[in-house]
Amino acid sequence: MTLRATVAELVREFRASGRIVIVGASLAGLRAAETLREEGFTGSLTIIGDEPYEPYDRPPLSKQVLKGWVPADHTKLPRMREVDADWRLGVAATGLDRATKQVRLANGELVPYDRLLIATGTRARQWPNPAEAALHGVHTIRSRDDAAQLQKELAEPPSRVLVIGAGFIGSEVASVCRELDIPVTVVERGAAPLVGALGGVIGEIAAQLQCDHGVDLRCGLGVSSLEGDPGGHVRRAHLSDGSTVDADVVVASLGSIRNVEWLEGSGLAAGFWGVGCDAGGRAFDINGVVTDSIYVAGDVARAPHVLYEYQFLAMEHWDNAVLGAEAAAHNMVNLEPHYRPHLLLPGFWSGQFGVNIKSVGVPPFGDEIVFTQGSVAERRFAAAYGRRGRIVAAVTFDHGKWLEYYGKLIEQSGPFPPPPPGWDQPPDMKPMPAEFPDPRVPTAIPDVVLTGHAPSERTAEFRPRRH
Ligand SMILES: Cc1cc2nc3c(=O)[nH]c(=O)nc-3n(C[C@H](O)[C@H](O)[C@H](O)COP(=O)(O)OP(=O)(O)OC[C@H]3O[C@@H](n4cnc5c(N)ncnc54)[C@H](O)[C@@H]3O)c2cc1C
């Protein structure tokens with residue numbers, strides 16, 4: 001038998017009776033499991049998740065669930081096919097031993113694997129003062145339980161809600177409050193809402209949108225502390241300018257933290273921005289060497305992207321979790337010539353204050369922006385982001401049908417400013433600075449992050465030169 005034939009036989013054997021473990025039982029974990037079975041993997045499949053629930057969908061949590069339209073426990077993800085798997089729910093993975101190929105669980109059990117998929121996503125960054133974070137009425141929103149509790153309190157209703165941080169989720173919460181006719185104050189450290197993800201020019205429009213809908217918006221300010229009543233319920237917030245806001249519900253929307261702590265000591269390239277992997281989902285070790293048996297997908301993955309100068313992109317997007325999981329799962333059970341890259345053009349949607357906001361590409365990669373279609377005054381427009389004469393992203397407000405057009409241009413590295421389609425070109429199509437803030441400002445971190453090279457985080461093992 002030739003070497004090639006032997007390898008092919010080994011892969012066949014692995015597909016028939018290998019052991020795959022997936023850690024993280026949410027969107028990426030579920031879609032990977034389905035793909036593995038779809039691809040003909042008939043070996044043992046174990047799915048480990050620290051939440052007690054079967055995989056559910058998170059985008060409705062800050063939208064339909066908070067409005068009270070959909071109960072939090074009705075968000076279960078639809079199944080694309082039956083998945084024959086050993087579901088280990090309600091137990092966290094606490095360690096990874098790559099030498100013995102075992103995942104350690106919180107209950108002390110060791111789960112052996114031949115191939116492993118890391119899909120542990122992110123969690124909400126908590127309000128930094130633990131005593132204040134523990135006050136009744138102080139919330140973050142990431143899980144089904146978070147959304148259920150917040151929805152209950154919004155239904156009471158509170159006298160005022162304070163939202164700290166005006167990224168996508170904070171802005172969506174504020175929007176829901178206004179729809180429910182609840183007074184809401186939004187405090188944002190940056191110059192405007194959505195500024196980290198879409199820059200200052202669009203942030204200005206988002207700010208106007210919030211004000212027009214009755215949001216008490218305070219930008220360029222921080223919340224210094226939260227104050228509770230003797231019963232331990234939050235009642236007041238102190239802001240960095242010395243002012244106070246009385247509120248009995250506080251939603252801290254301060255971005256997310258990658259769930260990588262359980263990988264400490266594993267020797268994988270895991271850190272602040274997630275687990276580094278190649279475009280096929282194969283994890284890197286700390287020296288930048290690709291591993292053969294460990295894969296990564298979803299919010300916890302960061303991979304180089306051909307369209308963005310091979311910078312490592314970390315994306316907290318639904319599509320990225322689905323398509324990344326599908327690509328990784330395919331590659332886990334196929335031979336190298338058939339590997340697939342996960343080369344998604346990032347995309348995001350958000351509904352807030354009656355406007356459907358969509359983006360494609362990586363806006364913070366651009367330094368200029370130009371309005372290409374529609375009218376800002378009517379809040380129905382398309383705008384493109386550019387860098388060095390090429391289009392790198394686009395955003396639409398209630399103009400989503402054109403997004404595909406811009407997506408194609410971005411894929412082809414089309415010119416910036418781009419030729420606008422359709423007939424509704426604004427009279428003045430002049431590029432201007434896109435005004436992205438310093439990404440190190442905590443609440444300005446966008447949901448697609450160019451994580452680039454971080455020498456300060458370098459943990460590689462350098463070898464002495466041989467003489
Ligand atoms: C409120 C909200 C609104 C959103 N809205 C949108 C939207 O409008 N559009 C959009 O594109 N995206 C949106 N997103 C983002 C989208 O939901 C995520 O991109 C997606 O959930 C990522 O899936 P994932 O499986 O990679 O990670 P996650 O969904 O984070 O799942 C990871 C799972 O792993 C578990 N886990 C973590 N550590 C361990 C461990 N050590 N052991 C076992 N299990 C572990 C976690 O508890 C979790 O269940 C939203 C997210 C939130 C929270």
# chains A, B, ... in the order shown; residues from 1 in each chain; ligands from 1

$ residues_around --residues "range 272-274 of chain A" --least-positions-apart "5" --cutoff "6 Å" --atoms "only C-alpha atoms" --output "mmCIF file with N, CA, C and O atoms, in the first residue's frame"
data_model
loop_
_atom_site.group_PDB
_atom_site.id
_atom_site.type_symbol
_atom_site.label_atom_id
_atom_site.label_comp_id
_atom_site.auth_asym_id
_atom_site.auth_seq_id
_atom_site.Cartn_x
_atom_site.Cartn_y
_atom_site.Cartn_z
ATOM 1 N N ARG A 258 -13.632 36.384 25.752
ATOM 2 C CA ARG A 258 -13.540 35.046 25.138
ATOM 3 C C ARG A 258 -13.361 33.963 26.206
ATOM 4 O O ARG A 258 -12.557 34.151 27.139
ATOM 5 N N VAL A 300 -15.151 32.355 19.484
ATOM 6 C CA VAL A 300 -13.867 32.193 20.176
ATOM 7 C C VAL A 300 -12.690 32.060 19.198
ATOM 8 O O VAL A 300 -11.539 32.100 19.605
ATOM 9 N N ALA A 301 -12.997 31.939 17.910
ATOM 10 C CA ALA A 301 -11.929 31.729 16.917
ATOM 11 C C ALA A 301 -11.394 33.056 16.398
ATOM 12 O O ALA A 301 -12.123 34.047 16.312
#

$ residues_around --residues "range 29-43 of chain A" --least-positions-apart "3" --cutoff "6 Å" --atoms "only C-alpha atoms" --output "PDB file with C-alpha atoms, in the first residue's frame"
ATOM      1  CA  ARG A  15     -14.736   8.614   9.927  1.00  0.00           C
ATOM      2  CA  ALA A  16     -16.177   5.216  10.779  1.00  0.00           C
ATOM      3  CA  SER A  17     -15.081   4.811  14.375  1.00  0.00           C
ATOM      4  CA  GLY A  18     -13.068   7.830  15.584  1.00  0.00           C
ATOM      5  CA  ARG A  19     -13.877   9.963  18.622  1.00  0.00           C
ATOM      6  CA  GLY A  24     -19.347  24.495  23.615  1.00  0.00           C
ATOM      7  CA  ALA A  25     -22.959  23.458  23.007  1.00  0.00           C
ATOM      8  CA  SER A  26     -24.323  26.505  21.264  1.00  0.00           C
ATOM      9  CA  VAL A  83     -27.583  14.448  15.708  1.00  0.00           C
ATOM     10  CA  ALA A 119     -16.532  26.332  20.296  1.00  0.00           C
ATOM     11  CA  ALA A 325     -18.359  25.487  12.256  1.00  0.00           C
ATOM     12  CA  GLU A 326     -19.364  23.917   8.943  1.00  0.00           C
ATOM     13  CA  ALA A 329     -16.318  20.083  10.796  1.00  0.00           C
TER      14      ALA A 329
END

$ residues_near_ligand --ligand "ligand 1" --cutoff "7 Å" --atoms "only C-alpha atoms and all ligand atoms" --output "PyMOL selection string"
chain A and resi 23-29+48-51+57-62+91-94+119-123+141-143+169+259+262+297-300+316-321+347-350

$ residues_around --residues "Trp127 in chain A" --least-positions-apart "3" --cutoff "12 Å" --atoms "only C-alpha atoms" --output "list in words"
Ala124, Pro130, Ala131, Glu132, Ala133, Ala134, Leu135, Val138, His139, Thr140, Ile141, Val163, Ile164, Gly165, Val223, Ser224, Ser225, Leu226, Val250, Val251, Ala252, Ser253, Leu254, Gly255 and Ser256 of chain A

$ write_last_selection --atoms "N, CA and C atoms" --output "short mmCIF file (atom, residue, chain, number, x, y, z; two decimals), in the first residue's frame"
data_model
loop_
_atom_site.label_atom_id
_atom_site.label_comp_id
_atom_site.auth_asym_id
_atom_site.auth_seq_id
_atom_site.Cartn_x
_atom_site.Cartn_y
_atom_site.Cartn_z
N ALA A 124 -20.45 37.73 28.65
CA ALA A 124 -20.58 39.18 28.83
C ALA A 124 -19.56 39.67 29.85
N PRO A 130 -17.59 44.06 41.91
CA PRO A 130 -18.43 42.89 42.19
C PRO A 130 -19.59 43.18 43.13
N ALA A 131 -19.37 44.06 44.14
CA ALA A 131 -20.46 44.34 45.09
C ALA A 131 -21.59 45.09 44.36
N GLU A 132 -21.20 46.02 43.48
CA GLU A 132 -22.22 46.77 42.73
C GLU A 132 -22.89 45.87 41.69
N ALA A 133 -22.10 44.99 41.10
CA ALA A 133 -22.65 44.08 40.09
C ALA A 133 -23.68 43.13 40.72
N ALA A 134 -23.53 42.87 42.03
CA ALA A 134 -24.43 41.93 42.70
C ALA A 134 -25.74 42.58 43.14
N LEU A 135 -25.86 43.92 43.00
CA LEU A 135 -27.11 44.58 43.40
C LEU A 135 -28.26 44.06 42.54
N VAL A 138 -29.17 44.91 38.50
CA VAL A 138 -28.00 45.12 37.62
C VAL A 138 -27.85 43.88 36.72
N HIS A 139 -27.81 44.11 35.42
CA HIS A 139 -27.84 42.99 34.46
C HIS A 139 -26.73 43.06 33.43
N THR A 140 -26.41 41.88 32.88
CA THR A 140 -25.72 41.80 31.59
C THR A 140 -26.62 40.89 30.75
N ILE A 141 -26.35 40.83 29.44
CA ILE A 141 -27.21 39.96 28.64
C ILE A 141 -26.40 39.13 27.65
N VAL A 163 -28.58 52.17 30.61
CA VAL A 163 -27.77 51.27 29.80
C VAL A 163 -26.35 51.82 29.78
N ILE A 164 -25.40 50.98 30.16
CA ILE A 164 -24.00 51.44 30.16
C ILE A 164 -23.31 50.80 28.96
N GLY A 165 -22.93 51.64 27.99
CA GLY A 165 -22.28 51.12 26.77
C GLY A 165 -23.27 51.07 25.63
N VAL A 223 -19.63 55.69 33.75
CA VAL A 223 -20.32 55.50 35.03
C VAL A 223 -19.23 55.16 36.04
N SER A 224 -19.13 55.94 37.11
CA SER A 224 -18.07 55.70 38.10
C SER A 224 -18.51 54.67 39.13
N SER A 225 -19.77 54.74 39.56
CA SER A 225 -20.21 53.76 40.56
C SER A 225 -21.73 53.63 40.54
N LEU A 226 -22.18 52.53 41.11
CA LEU A 226 -23.62 52.28 41.24
C LEU A 226 -23.95 52.26 42.73
N VAL A 250 -30.31 48.48 35.65
CA VAL A 250 -29.08 48.88 34.97
C VAL A 250 -28.63 47.73 34.08
N VAL A 251 -28.36 48.03 32.82
CA VAL A 251 -27.86 46.99 31.92
C VAL A 251 -26.43 47.36 31.53
N ALA A 252 -25.47 46.57 31.99
CA ALA A 252 -24.07 46.82 31.64
C ALA A 252 -23.80 46.10 30.32
N SER A 253 -23.54 46.88 29.29
CA SER A 253 -23.30 46.29 27.97
C SER A 253 -21.89 46.68 27.56
N LEU A 254 -20.94 45.99 28.15
CA LEU A 254 -19.54 46.42 28.09
C LEU A 254 -18.70 45.53 27.19
N GLY A 255 -19.34 44.82 26.28
CA GLY A 255 -18.58 43.93 25.39
C GLY A 255 -18.41 42.56 26.01
N SER A 256 -17.57 41.76 25.36
CA SER A 256 -17.51 40.36 25.78
C SER A 256 -16.09 39.89 26.06
#

$ select_by_dssp --residues "range 204-248 of chain A" --states "strand (DSSP E or B)" --output "list of chain:residue names"
A:Asp216, A:Leu217, A:Arg218, A:Cys219, A:Val223, A:Ser224, A:Ser225, A:Leu226, A:Glu227, A:Gly228, A:His233, A:Val234, A:Arg235, A:Arg236, A:Ala237, A:His238, A:Leu239, A:Thr244, A:Val245, A:Asp246

$ atom_distance --atom1 "CA of Ala8 in chain A" --atom2 "CA of Asn331 in chain A"
13.8 Å

$ select_by_dssp --residues "range 111-289 of chain A" --states "alpha helix (DSSP H)" --output "VMD selection string"
chain A and resid 130 to 133 144 to 155 168 to 179 195 to 212

$ residues_around --residues "Ser266 in chain A" --least-positions-apart "5" --cutoff "8 Å" --atoms "only C-alpha atoms" --output "ChimeraX atom specification"
/A:95-98
